[in-house]
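Participant: Sharing a structure below in structure tokens format, with a few things to ask.
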Amino acid sequence: MKTRYAVKAQTTRLIKCKVKVTTRTGETHFYYGLFRSTSDAVLDAVSRFETTSIQATAA
């Protein structure tokens, strides 16, 4: 079985992610971005907002 990596020959493959953020005040925000993984998308949202919930999906 071959393992696929996002990093090949010193280049990083980015995926488009849709991030949904619900703040502590109940406001919902959506934004798209290019990230190495959905985990990186979640970390980006955590650094931008004070959140109660975050959902990141590959778009």
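Numbering starts fresh at 1 for the residues of each chain in the structure tokens, the chains themselves are lettered A, B, ... in the order given, and ligands are numbered from 1 as they appear.
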Tell me, as a ChimeraX atom specification, which residues lie within 10 Å of Phe30 (chain A), counting only C-alpha atoms; anything in the same chain fewer than 3 positions away does not count.

Facilitator: /A:18-22,54-56

Participant: Per DSSP on the backbone, filter region 18-52 of chain A down to the residues in alpha helix (DSSP H) and report them as a list in words.

Facilitator: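 DSSP on the backbone gives alpha helix (DSSP H) at Thr38, Ser39, Asp40, Ala41, Val42, Leu43, Asp44, Ala45, Val46, Ser47 and Arg48 of chain A.
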
Participant: Produce a file of the selected residues containing N, CA and C atoms, as a PDB file, in the first residue's frame.

Facilitator:
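The resulting file, again.pdb, is reproduced below:
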ATOM      1  N   THR A  38      -7.190  20.269   7.099  1.00  0.00           N
ATOM      2  CA  THR A  38      -8.316  20.845   7.826  1.00  0.00           C
ATOM      3  C   THR A  38      -7.903  21.209   9.257  1.00  0.00           C
ATOM      4  N   SER A  39      -6.917  20.516   9.793  1.00  0.00           N
ATOM      5  CA  SER A  39      -6.406  20.856  11.128  1.00  0.00           C
ATOM      6  C   SER A  39      -5.789  22.246  11.125  1.00  0.00           C
ATOM      7  N   ASP A  40      -5.054  22.577  10.072  1.00  0.00           N
ATOM      8  CA  ASP A  40      -4.494  23.921   9.964  1.00  0.00           C
ATOM      9  C   ASP A  40      -5.593  24.964   9.837  1.00  0.00           C
ATOM     10  N   ALA A  41      -6.682  24.619   9.180  1.00  0.00           N
ATOM     11  CA  ALA A  41      -7.817  25.537   9.059  1.00  0.00           C
ATOM     12  C   ALA A  41      -8.433  25.810  10.429  1.00  0.00           C
ATOM     13  N   VAL A  42      -8.553  24.790  11.245  1.00  0.00           N
ATOM     14  CA  VAL A  42      -9.093  24.955  12.599  1.00  0.00           C
ATOM     15  C   VAL A  42      -8.159  25.822  13.440  1.00  0.00           C
ATOM     16  N   LEU A  43      -6.861  25.584  13.342  1.00  0.00           N
ATOM     17  CA  LEU A  43      -5.904  26.399  14.098  1.00  0.00           C
ATOM     18  C   LEU A  43      -5.951  27.856  13.672  1.00  0.00           C
ATOM     19  N   ASP A  44      -6.163  28.109  12.397  1.00  0.00           N
ATOM     20  CA  ASP A  44      -6.301  29.475  11.903  1.00  0.00           C
ATOM     21  C   ASP A  44      -7.532  30.140  12.522  1.00  0.00           C
ATOM     22  N   ALA A  45      -8.646  29.410  12.571  1.00  0.00           N
ATOM     23  CA  ALA A  45      -9.881  29.954  13.148  1.00  0.00           C
ATOM     24  C   ALA A  45      -9.715  30.242  14.636  1.00  0.00           C
ATOM     25  N   VAL A  46      -9.018  29.371  15.345  1.00  0.00           N
ATOM     26  CA  VAL A  46      -8.792  29.580  16.772  1.00  0.00           C
ATOM     27  C   VAL A  46      -7.981  30.848  17.004  1.00  0.00           C
ATOM     28  N   SER A  47      -7.000  31.100  16.134  1.00  0.00           N
ATOM     29  CA  SER A  47      -6.176  32.292  16.309  1.00  0.00           C
ATOM     30  C   SER A  47      -6.925  33.577  15.941  1.00  0.00           C
ATOM     31  N   ARG A  48      -7.969  33.478  15.113  1.00  0.00           N
ATOM     32  CA  ARG A  48      -8.712  34.670  14.683  1.00  0.00           C
ATOM     33  C   ARG A  48      -9.887  35.024  15.592  1.00  0.00           C
TER      34      ARG A  48
END

Participant: Using the chain letters and numbers from this document, which residues of chain A does DSSP assign to strand (DSSP E), as a PyMOL selection string?

Facilitator: chain A and resi 7-8+11-12+15-23+28-35+51-58
